[in-house]
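run.tsv follows; it contains TSV, C-alpha atoms.
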chain	number	residue	atom	x	y	z
J	103	MET	CA	0.00	0.00	0.00
J	104	GLY	CA	1.16	3.53	-0.75
J	105	LYS	CA	2.77	5.47	2.08
J	106	ILE	CA	2.67	9.18	2.91
J	107	HIS	CA	5.17	11.03	5.08
J	108	ARG	CA	3.75	14.50	5.54
J	109	PHE	CA	6.14	17.37	6.18
J	110	THR	CA	5.70	18.50	9.79
J	111	GLY	CA	8.74	20.74	10.17
J	112	SER	CA	9.53	24.38	9.46
J	113	ASP	CA	11.88	26.19	7.05
J	114	SER	CA	14.65	25.95	9.65
J	115	ALA	CA	13.97	22.42	10.92
J	116	PHE	CA	12.75	19.86	8.39
J	117	ASP	CA	10.83	16.89	9.74
J	118	TRP	CA	8.22	14.39	8.56
J	119	GLU	CA	5.53	12.14	10.01
J	120	GLY	CA	6.68	8.58	10.54
J	121	VAL	CA	10.36	9.36	9.90
J	122	SER	CA	13.04	9.18	12.57
J	123	GLU	CA	16.31	11.04	12.83
J	124	THR	CA	19.74	9.42	13.16
J	125	LEU	CA	22.77	11.38	14.33
J	126	LEU	CA	25.74	10.23	12.24
J	127	ASP	CA	28.59	11.97	14.02
J	128	ASP	CA	31.70	9.91	14.46
J	129	LEU	CA	35.41	10.49	14.09
J	130	SER	CA	35.11	11.23	10.37
J	131	SER	CA	31.96	13.39	10.13
J	132	ALA	CA	30.52	16.31	12.13
J	133	GLY	CA	27.07	17.83	12.56
J	134	VAL	CA	25.28	15.35	10.29
J	135	THR	CA	21.77	13.93	10.77
J	136	ARG	CA	19.93	11.58	8.44
J	137	ARG	CA	16.23	10.84	7.93
J	138	VAL	CA	15.15	7.95	5.69
J	139	LEU	CA	12.13	9.32	3.78
J	140	VAL	CA	11.63	6.26	1.57
J	141	GLY	CA	13.20	2.92	2.40
J	142	PRO	CA	12.69	-0.65	3.51
J	143	ARG	CA	10.18	0.37	6.21
J	144	ASP	CA	7.92	1.64	3.43
J	145	GLY	CA	8.36	-1.58	1.47
J	146	ALA	CA	10.76	0.09	-0.97
J	147	ALA	CA	13.19	-2.55	-2.21
J	148	ASN	CA	14.63	-0.75	-5.26
J	149	PHE	CA	16.00	2.54	-3.88
J	150	ARG	CA	16.20	4.69	-0.76
J	151	ILE	CA	15.58	8.44	-0.46
J	152	ARG	CA	17.23	10.10	2.54
J	153	TYR	CA	17.26	13.68	3.84
J	154	PHE	CA	20.57	14.84	5.31
J	155	ARG	CA	21.12	17.96	7.35
J	156	ILE	CA	24.65	19.24	7.98
J	157	GLU	CA	25.07	22.03	10.53
J	158	PRO	CA	27.19	25.10	9.68
J	159	GLY	CA	30.83	24.08	9.90
J	160	GLY	CA	29.92	20.40	9.65
J	161	HIS	CA	30.79	17.83	7.02
J	162	SER	CA	30.08	14.28	5.93
J	163	ALA	CA	32.80	11.66	6.07
J	164	LEU	CA	35.25	11.56	3.16
J	165	GLU	CA	34.06	8.31	1.59
J	166	ARG	CA	34.68	5.98	-1.32
J	167	HIS	CA	32.40	2.96	-1.78
J	168	PRO	CA	30.78	0.90	-4.53
J	169	HIS	CA	27.32	2.51	-4.49
J	170	ASP	CA	26.36	5.71	-6.27
J	171	HIS	CA	24.46	8.79	-5.04
J	172	GLY	CA	21.95	11.17	-6.57
J	173	VAL	CA	21.83	14.46	-4.63
J	174	PHE	CA	19.29	17.31	-4.77
J	175	ILE	CA	20.12	20.35	-2.64
J	176	LEU	CA	17.12	21.65	-0.69
J	177	HIS	CA	18.60	24.47	1.43
J	178	GLY	CA	21.92	26.06	2.27
J	179	ARG	CA	25.10	25.72	0.29
J	180	ALA	CA	27.57	22.84	-0.03
J	181	GLN	CA	31.25	22.60	-0.79
J	182	VAL	CA	31.58	19.25	-2.48
J	183	THR	CA	34.52	17.01	-3.25
J	184	MET	CA	33.77	14.54	-6.09
J	185	GLY	CA	36.86	12.77	-7.31
J	186	SER	CA	39.25	15.52	-8.41
J	187	GLN	CA	36.44	18.11	-8.63
J	188	GLU	CA	35.82	20.76	-5.92
J	189	VAL	CA	32.52	22.58	-6.45
J	190	THR	CA	30.11	24.82	-4.56
J	191	VAL	CA	26.41	24.19	-5.07
J	192	GLY	CA	23.17	25.61	-3.72
J	193	PRO	CA	19.41	25.11	-3.63
J	194	ARG	CA	17.93	22.92	-6.41
J	195	ASP	CA	21.33	22.03	-7.83
J	196	VAL	CA	21.70	18.33	-8.68
J	197	LEU	CA	24.75	16.08	-8.31
J	198	TYR	CA	25.44	12.56	-9.48
J	199	ILE	CA	28.30	10.83	-7.66
J	200	PRO	CA	29.17	7.51	-9.32
J	201	GLY	CA	30.23	4.45	-7.35
J	202	ARG	CA	33.87	4.28	-6.27
J	203	GLU	CA	34.30	8.06	-6.53
J	204	ARG	CA	35.78	9.73	-3.45
J	205	HIS	CA	33.31	12.32	-2.12
J	206	GLN	CA	32.53	14.63	0.78
J	207	LEU	CA	29.94	17.35	1.41
J	208	ARG	CA	30.59	20.30	3.71
J	209	ALA	CA	28.11	22.98	4.84
J	210	PHE	CA	29.31	26.26	3.34
J	211	GLY	CA	28.45	29.57	4.98
J	212	ASP	CA	26.20	30.29	7.97
J	213	GLU	CA	23.17	28.21	7.03
J	214	PRO	CA	22.61	24.52	7.64
J	215	LEU	CA	22.88	22.44	4.49
J	216	GLY	CA	19.96	20.16	3.61
J	217	PHE	CA	19.76	17.73	0.71
J	218	LEU	CA	18.02	14.65	-0.60
J	219	CYS	CA	20.29	11.71	-1.35
J	220	VAL	CA	19.09	8.74	-3.41
J	221	VAL	CA	20.94	5.44	-3.19
J	222	PRO	CA	20.35	1.91	-4.46
J	223	PRO	CA	19.13	-0.73	-1.98
J	224	LYS	CA	21.65	-2.18	0.46
L	833	MET	CA	33.10	11.14	-13.14
L	834	GLY	CA	30.65	13.07	-10.99
L	835	LYS	CA	28.07	15.21	-12.77
L	836	ILE	CA	26.53	18.56	-11.80
L	837	HIS	CA	23.27	19.97	-13.13
L	838	ARG	CA	23.06	23.50	-11.79
L	839	PHE	CA	19.63	25.03	-11.30
L	840	THR	CA	19.16	27.75	-13.93
L	841	GLY	CA	15.44	28.40	-13.56
L	842	SER	CA	13.27	30.60	-11.37
L	843	ASP	CA	10.66	29.94	-8.66
L	844	SER	CA	7.99	29.78	-11.37
L	845	ALA	CA	9.95	27.87	-14.04
L	846	PHE	CA	12.39	25.22	-12.83
L	847	ASP	CA	15.22	24.32	-15.17
L	848	TRP	CA	18.75	22.91	-14.99
L	849	GLU	CA	21.96	22.93	-17.02
L	850	GLY	CA	22.35	19.89	-19.24
L	851	VAL	CA	18.78	18.67	-18.70
L	852	SER	CA	16.16	18.64	-21.43
L	853	GLU	CA	12.41	18.83	-21.16
L	854	THR	CA	9.95	16.30	-22.56
L	855	LEU	CA	6.27	17.08	-23.01
L	856	LEU	CA	4.30	13.99	-22.02
L	857	ASP	CA	0.82	14.98	-23.09
L	858	ASP	CA	-1.17	12.27	-24.77
L	859	LEU	CA	-4.71	10.98	-24.60
L	860	SER	CA	-4.38	10.02	-20.94
L	861	SER	CA	-2.42	12.91	-19.39
L	862	ALA	CA	-2.56	16.72	-19.66
L	863	GLY	CA	-0.11	19.55	-18.97
L	864	VAL	CA	2.77	17.30	-17.90
L	865	THR	CA	6.48	17.88	-18.60
L	866	ARG	CA	9.38	15.73	-17.43
L	867	ARG	CA	13.08	16.47	-16.92
L	868	VAL	CA	15.49	13.63	-16.15
L	869	LEU	CA	17.85	15.10	-13.51
L	870	VAL	CA	19.82	11.90	-12.91
L	871	GLY	CA	19.71	8.99	-15.33
L	872	PRO	CA	21.55	6.91	-17.92
L	873	ARG	CA	23.10	10.01	-19.57
L	874	ASP	CA	24.90	10.68	-16.26
L	875	GLY	CA	26.06	7.07	-16.06
L	876	ALA	CA	23.47	6.26	-13.40
L	877	ALA	CA	22.51	2.61	-13.77
L	878	ASN	CA	20.77	2.02	-10.42
L	879	PHE	CA	18.02	4.66	-10.26
L	880	ARG	CA	16.62	7.69	-12.06
L	881	ILE	CA	15.56	11.03	-10.54
L	882	ARG	CA	13.06	13.01	-12.62
L	883	TYR	CA	11.40	16.42	-12.13
L	884	PHE	CA	7.77	16.60	-13.25
L	885	ARG	CA	5.75	19.74	-13.68
L	886	ILE	CA	1.96	19.58	-14.03
L	887	GLU	CA	0.13	22.74	-15.04
L	888	PRO	CA	-2.97	23.88	-13.11
L	889	GLY	CA	-5.85	21.65	-14.18
L	890	GLY	CA	-3.46	19.03	-15.54
L	891	HIS	CA	-2.88	15.45	-14.48
L	892	SER	CA	-0.64	12.47	-15.07
L	893	ALA	CA	-2.02	9.33	-16.70
L	894	LEU	CA	-3.85	6.90	-14.43
L	895	GLU	CA	-1.27	4.13	-14.40
L	896	ARG	CA	-0.54	0.71	-12.96
L	897	HIS	CA	2.84	-0.91	-13.70
L	898	PRO	CA	5.46	-3.12	-12.05
L	899	HIS	CA	7.91	-0.38	-10.97
L	900	ASP	CA	7.61	1.71	-7.82
L	901	HIS	CA	7.90	5.49	-7.31
L	902	GLY	CA	9.33	7.70	-4.58
L	903	VAL	CA	7.86	11.21	-4.78
L	904	PHE	CA	8.98	14.45	-3.09
L	905	ILE	CA	6.72	17.47	-3.67
L	906	LEU	CA	8.67	20.65	-4.47
L	907	HIS	CA	5.93	23.20	-5.20
L	908	GLY	CA	2.17	23.45	-5.56
L	909	ARG	CA	-0.34	20.93	-4.32
L	910	ALA	CA	-1.32	17.50	-5.61
L	911	GLN	CA	-4.45	15.42	-5.45
L	912	VAL	CA	-3.17	11.89	-5.53
L	913	THR	CA	-4.80	8.55	-6.20
L	914	MET	CA	-2.79	5.63	-4.74
L	915	GLY	CA	-4.71	2.38	-4.81
L	916	SER	CA	-7.88	3.05	-2.82
L	917	GLN	CA	-6.42	6.16	-1.15
L	918	GLU	CA	-7.26	9.72	-2.25
L	919	VAL	CA	-5.00	12.29	-0.60
L	920	THR	CA	-3.96	15.91	-1.00
L	921	VAL	CA	-0.30	16.73	-0.43
L	922	GLY	CA	1.88	19.83	-0.62
L	923	PRO	CA	5.48	21.05	-0.52
L	924	ARG	CA	8.03	18.69	1.06
L	925	ASP	CA	5.49	15.90	1.56
L	926	VAL	CA	6.79	12.46	0.57
L	927	LEU	CA	4.94	9.59	-1.12
L	928	TYR	CA	5.92	6.00	-1.76
L	929	ILE	CA	3.87	4.30	-4.48
L	930	PRO	CA	4.65	0.56	-4.62
L	931	GLY	CA	4.76	-1.39	-7.87
L	932	ARG	CA	1.42	-2.56	-9.28
L	933	GLU	CA	-0.52	0.11	-7.36
L	934	ARG	CA	-2.87	2.21	-9.48
L	935	HIS	CA	-1.87	5.89	-9.21
L	936	GLN	CA	-2.44	9.35	-10.63
L	937	LEU	CA	-1.31	12.87	-9.65
L	938	ARG	CA	-3.38	15.96	-10.41
L	939	ALA	CA	-2.39	19.62	-9.92
L	940	PHE	CA	-4.69	21.00	-7.23
L	941	GLY	CA	-5.48	24.71	-7.07
L	942	ASP	CA	-4.08	27.58	-9.12
L	943	GLU	CA	-0.36	26.78	-8.93
L	944	PRO	CA	1.64	24.40	-11.10
L	945	LEU	CA	2.60	21.22	-9.29
L	946	GLY	CA	6.27	20.25	-9.24
L	947	PHE	CA	7.78	17.10	-7.79
L	948	LEU	CA	10.78	14.81	-7.85
L	949	CYS	CA	10.05	11.21	-8.79
L	950	VAL	CA	12.59	8.45	-8.19
L	951	VAL	CA	12.28	5.18	-10.10
L	952	PRO	CA	14.43	2.07	-10.53
L	953	PRO	CA	16.37	1.65	-13.79
L	954	LYS	CA	14.46	0.58	-16.91

For this file, produce the structure as structure tokens.
Amino acid sequence: MGKIHRFTGSDSAFDWEGVSETLLDDLSSAGVTRRVLVGPRDGAANFRIRYFRIEPGGHSALERHPHDHGVFILHGRAQVTMGSQEVTVGPRDVLYIPGRERHQLRAFGDEPLGFLCVVPPK
Amino acid sequence: MGKIHRFTGSDSAFDWEGVSETLLDDLSSAGVTRRVLVGPRDGAANFRIRYFRIEPGGHSALERHPHDHGVFILHGRAQVTMGSQEVTVGPRDVLYIPGRERHQLRAFGDEPLGFLCVVPPK
């Protein structure tokens, strides 16, 4: 059956019904939270859609792994490492990061960075 | 190599670098355009991310097919049929439409409806 996760947050704090938040901070990332908007709990076996928020000054881990990412920026600005590229992107910009490409996203400026990230199933 | 599609549009007309528009109107839909933001042209073999715009009064085809959809509303409001459910959703709301579920999206109100739609590869 189809699932709905209604937006229940505000412009400065995104949140959705039936979606929980996971703090991802560890030695290699800082200020990162993740919400799985579409995933196995919805019965989705073919892809996952996640919302990430990175606080000002924060960054994701510098990673390199087999799976690819599709990214859609929702708010704030990002400094992005993708392979040998270093780019700055903002709201509604789209990135495709292929598998095995080294990548990292950093919040750029004073605003929190928020983006959707699509990945294949685990 | 990683790909970037920068947003080049406006609040009332979304568009991106390196992304073309396809008009989908036929006997079963009305006022629908599609832009593939992430797909085979980017080297993405595991999922596709599309942006759909439906003009006021327009609607997608009433469809039922094996593949599933993840939907993130960007602007406007949608009246949605998902199986036996009829719901109205708005900006930042999230839908998951499983495979083989009958579904249709209609622009609701005076604004164009815009949403991201994630699907598995063809």

Distance query range 886-893 of chain L at most 6 Å, only C-alpha atoms, self and fewer than 3 positions along chain excluded, as a PyMOL selection string: chain L and resi 860-864+936-939+942-945

Interatomic distance, CA of Arg179 in chain J to CA of Arg867 in chain L (Å, one decimal):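 Value for the CA of Arg179 in chain J-CA of Arg867 in chain L distance: 22.9 Å.
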
Mind dumping a table of every chain L residue within 10 Å of chain J, with the nearest atom pair and its distance in Å to one decimal, using only C-alpha atoms, sorted by chain and rising number, as a tab-separated table?
residue	atom	partner	partner_atom	distance
L:Met833	CA	J:Pro200	CA	6.6
L:Gly834	CA	J:Ile199	CA	4.7
L:Lys835	CA	J:Tyr198	CA	5.0
L:Ile836	CA	J:Leu197	CA	4.6
L:His837	CA	J:Val196	CA	5.0
L:Arg838	CA	J:Asp195	CA	4.6
L:Phe839	CA	J:Asp195	CA	4.9
L:Thr840	CA	J:Asp195	CA	8.6
L:Gly841	CA	J:Arg194	CA	9.3
L:Phe846	CA	J:Arg194	CA	8.8
L:Asp847	CA	J:Arg194	CA	9.3
L:Trp848	CA	J:Asp195	CA	7.7
L:Glu849	CA	J:Asp195	CA	9.3
L:Leu869	CA	J:Val196	CA	7.0
L:Val870	CA	J:Tyr198	CA	6.6
L:Gly871	CA	J:Tyr198	CA	8.9
L:Asp874	CA	J:Tyr198	CA	7.1
L:Gly875	CA	J:Pro200	CA	7.4
L:Ala876	CA	J:Pro200	CA	7.1
L:Ala877	CA	J:Asp170	CA	9.0
L:Asn878	CA	J:Pro222	CA	6.0
L:Phe879	CA	J:Pro222	CA	6.8
L:Arg880	CA	J:Gly172	CA	8.4
L:Ile881	CA	J:Gly172	CA	7.5
L:His899	CA	J:Asn148	CA	8.8
L:Asp900	CA	J:Ala146	CA	7.7
L:His901	CA	J:Ala146	CA	8.8
L:Gly902	CA	J:Val140	CA	6.7
L:Val903	CA	J:Val140	CA	8.9
L:Phe904	CA	J:Leu139	CA	9.1
L:Ile905	CA	J:Phe109	CA	9.9
L:Leu906	CA	J:Leu176	CA	9.3
L:Thr913	CA	J:Gly104	CA	9.5
L:Met914	CA	J:Gly104	CA	6.0
L:Gly915	CA	J:Met103	CA	7.1
L:Ser916	CA	J:Met103	CA	8.9
L:Gln917	CA	J:Gly104	CA	8.0
L:Val919	CA	J:Ile106	CA	9.0
L:Val921	CA	J:Arg108	CA	7.6
L:Gly922	CA	J:Arg108	CA	8.4
L:Pro923	CA	J:Phe109	CA	7.7
L:Arg924	CA	J:Phe109	CA	5.6
L:Asp925	CA	J:Arg108	CA	4.6
L:Val926	CA	J:His107	CA	5.0
L:Leu927	CA	J:Ile106	CA	4.6
L:Tyr928	CA	J:Lys105	CA	5.0
L:Ile929	CA	J:Gly104	CA	4.7
L:Pro930	CA	J:Gly104	CA	6.0
L:Gly931	CA	J:Ala146	CA	9.3
L:Arg932	CA	J:Met103	CA	9.7
L:Glu933	CA	J:Met103	CA	7.4
L:Arg934	CA	J:Gly104	CA	9.7
L:His935	CA	J:Gly104	CA	9.3
L:Leu948	CA	J:Phe174	CA	9.4
L:Val950	CA	J:Phe149	CA	8.1
L:Val951	CA	J:Phe149	CA	7.7
L:Pro952	CA	J:Asn148	CA	6.0
L:Pro953	CA	J:Asn148	CA	9.0

Closest of J:Phe210, J:Thr135, J:His167, J:Glu188 to Glu123 in chain J - atom-to-atom distances counting all atoms listed in the file: J:Thr135

Computed interatomic separation between CA of His907 in chain L and CA of Asp113 in chain J (Å):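 Taking CA of His907 in chain L and CA of Asp113 in chain J, their separation equals 13.9 Å.
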
Separation of CA of Cys219 in chain J from CA of Leu856 in chain L in Å: 26.2 Å

Pick from L:Arg882, L:Gly908, L:Arg866, L:Leu859 nearest to Leu894 in chain L, counting only C-alpha atoms: L:Leu859

Missing atoms of range 839-850 of chain L rebuilt to all heavy atoms, written as a JSON list (two decimals), keeping the file's coordinate frame:
[["chain", "number", "residue", "atom", "x", "y", "z"],
["L", 839, "PHE", "N", 20.96, 24.45, -11.11],
["L", 839, "PHE", "CA", 19.63, 25.03, -11.30],
["L", 839, "PHE", "C", 19.78, 26.36, -12.03],
["L", 839, "PHE", "O", 20.56, 27.21, -11.61],
["L", 839, "PHE", "CB", 18.96, 25.24, -9.94],
["L", 839, "PHE", "CG", 17.56, 25.77, -10.03],
["L", 839, "PHE", "CD1", 16.52, 24.94, -10.40],
["L", 839, "PHE", "CD2", 17.29, 27.10, -9.75],
["L", 839, "PHE", "CE1", 15.22, 25.43, -10.47],
["L", 839, "PHE", "CE2", 16.00, 27.60, -9.82],
["L", 839, "PHE", "CZ", 14.96, 26.76, -10.19],
["L", 840, "THR", "N", 19.07, 26.53, -13.13],
["L", 840, "THR", "CA", 19.16, 27.75, -13.93],
["L", 840, "THR", "C", 17.80, 28.42, -14.08],
["L", 840, "THR", "O", 17.66, 29.39, -14.83],
["L", 840, "THR", "CB", 19.69, 27.43, -15.35],
["L", 840, "THR", "OG1", 18.83, 26.43, -15.93],
["L", 840, "THR", "CG2", 21.11, 26.90, -15.31],
["L", 841, "GLY", "N", 16.79, 27.89, -13.40],
["L", 841, "GLY", "CA", 15.44, 28.40, -13.56],
["L", 841, "GLY", "C", 15.10, 29.47, -12.54],
["L", 841, "GLY", "O", 15.97, 30.11, -11.95],
["L", 842, "SER", "N", 13.80, 29.64, -12.34],
["L", 842, "SER", "CA", 13.27, 30.60, -11.37],
["L", 842, "SER", "C", 12.22, 29.87, -10.53],
["L", 842, "SER", "O", 11.88, 28.72, -10.81],
["L", 842, "SER", "CB", 12.61, 31.76, -12.11],
["L", 842, "SER", "OG", 11.48, 31.29, -12.83],
["L", 843, "ASP", "N", 11.68, 30.57, -9.52],
["L", 843, "ASP", "CA", 10.66, 29.94, -8.66],
["L", 843, "ASP", "C", 9.45, 29.46, -9.47],
["L", 843, "ASP", "O", 8.79, 28.50, -9.09],
["L", 843, "ASP", "CB", 10.18, 30.94, -7.60],
["L", 843, "ASP", "CG", 11.19, 31.12, -6.48],
["L", 843, "ASP", "OD1", 12.19, 30.37, -6.45],
["L", 843, "ASP", "OD2", 10.98, 32.02, -5.65],
["L", 844, "SER", "N", 9.19, 30.15, -10.60],
["L", 844, "SER", "CA", 7.99, 29.78, -11.37],
["L", 844, "SER", "C", 8.30, 28.92, -12.58],
["L", 844, "SER", "O", 7.39, 28.47, -13.27],
["L", 844, "SER", "CB", 7.26, 31.05, -11.81],
["L", 844, "SER", "OG", 8.12, 31.85, -12.59],
["L", 845, "ALA", "N", 9.59, 28.67, -12.85],
["L", 845, "ALA", "CA", 9.95, 27.87, -14.04],
["L", 845, "ALA", "C", 11.27, 27.16, -13.74],
["L", 845, "ALA", "O", 12.34, 27.72, -14.00],
["L", 845, "ALA", "CB", 10.06, 28.76, -15.27],
["L", 846, "PHE", "N", 11.17, 25.97, -13.19],
["L", 846, "PHE", "CA", 12.39, 25.22, -12.83],
["L", 846, "PHE", "C", 13.10, 24.73, -14.08],
["L", 846, "PHE", "O", 12.47, 24.23, -15.02],
["L", 846, "PHE", "CB", 12.02, 24.01, -11.97],
["L", 846, "PHE", "CG", 11.75, 24.33, -10.51],
["L", 846, "PHE", "CD1", 11.33, 25.60, -10.12],
["L", 846, "PHE", "CD2", 11.91, 23.37, -9.54],
["L", 846, "PHE", "CE1", 11.08, 25.89, -8.78],
["L", 846, "PHE", "CE2", 11.66, 23.64, -8.20],
["L", 846, "PHE", "CZ", 11.25, 24.91, -7.81],
["L", 847, "ASP", "N", 14.43, 24.87, -14.07],
["L", 847, "ASP", "CA", 15.22, 24.32, -15.17],
["L", 847, "ASP", "C", 16.65, 24.10, -14.68],
["L", 847, "ASP", "O", 17.06, 24.68, -13.67],
["L", 847, "ASP", "CB", 15.20, 25.27, -16.37],
["L", 847, "ASP", "CG", 15.45, 24.52, -17.68],
["L", 847, "ASP", "OD1", 15.63, 23.28, -17.66],
["L", 847, "ASP", "OD2", 15.47, 25.19, -18.73],
["L", 848, "TRP", "N", 17.39, 23.27, -15.41],
["L", 848, "TRP", "CA", 18.75, 22.91, -14.99],
["L", 848, "TRP", "C", 19.65, 22.84, -16.21],
["L", 848, "TRP", "O", 19.20, 22.48, -17.31],
["L", 848, "TRP", "CB", 18.74, 21.54, -14.31],
["L", 848, "TRP", "CG", 18.09, 21.50, -12.99],
["L", 848, "TRP", "CD1", 18.69, 21.65, -11.77],
["L", 848, "TRP", "CD2", 16.69, 21.31, -12.71],
["L", 848, "TRP", "NE1", 17.75, 21.57, -10.76],
["L", 848, "TRP", "CE2", 16.52, 21.36, -11.32],
["L", 848, "TRP", "CE3", 15.56, 21.13, -13.51],
["L", 848, "TRP", "CZ2", 15.29, 21.22, -10.69],
["L", 848, "TRP", "CZ3", 14.32, 20.99, -12.91],
["L", 848, "TRP", "CH2", 14.19, 21.03, -11.52],
["L", 849, "GLU", "N", 20.93, 23.11, -16.00],
["L", 849, "GLU", "CA", 21.96, 22.93, -17.02],
["L", 849, "GLU", "C", 22.04, 21.47, -17.45],
["L", 849, "GLU", "O", 22.09, 20.57, -16.59],
["L", 849, "GLU", "CB", 23.34, 23.25, -16.43],
["L", 849, "GLU", "CG", 23.78, 24.68, -16.51],
["L", 849, "GLU", "CD", 25.14, 24.86, -15.83],
["L", 849, "GLU", "OE1", 25.82, 23.86, -15.52],
["L", 849, "GLU", "OE2", 25.49, 26.02, -15.59],
["L", 850, "GLY", "N", 22.11, 21.24, -18.75],
["L", 850, "GLY", "CA", 22.35, 19.89, -19.24],
["L", 850, "GLY", "C", 21.18, 18.95, -19.07],
["L", 850, "GLY", "O", 21.36, 17.73, -19.11]]
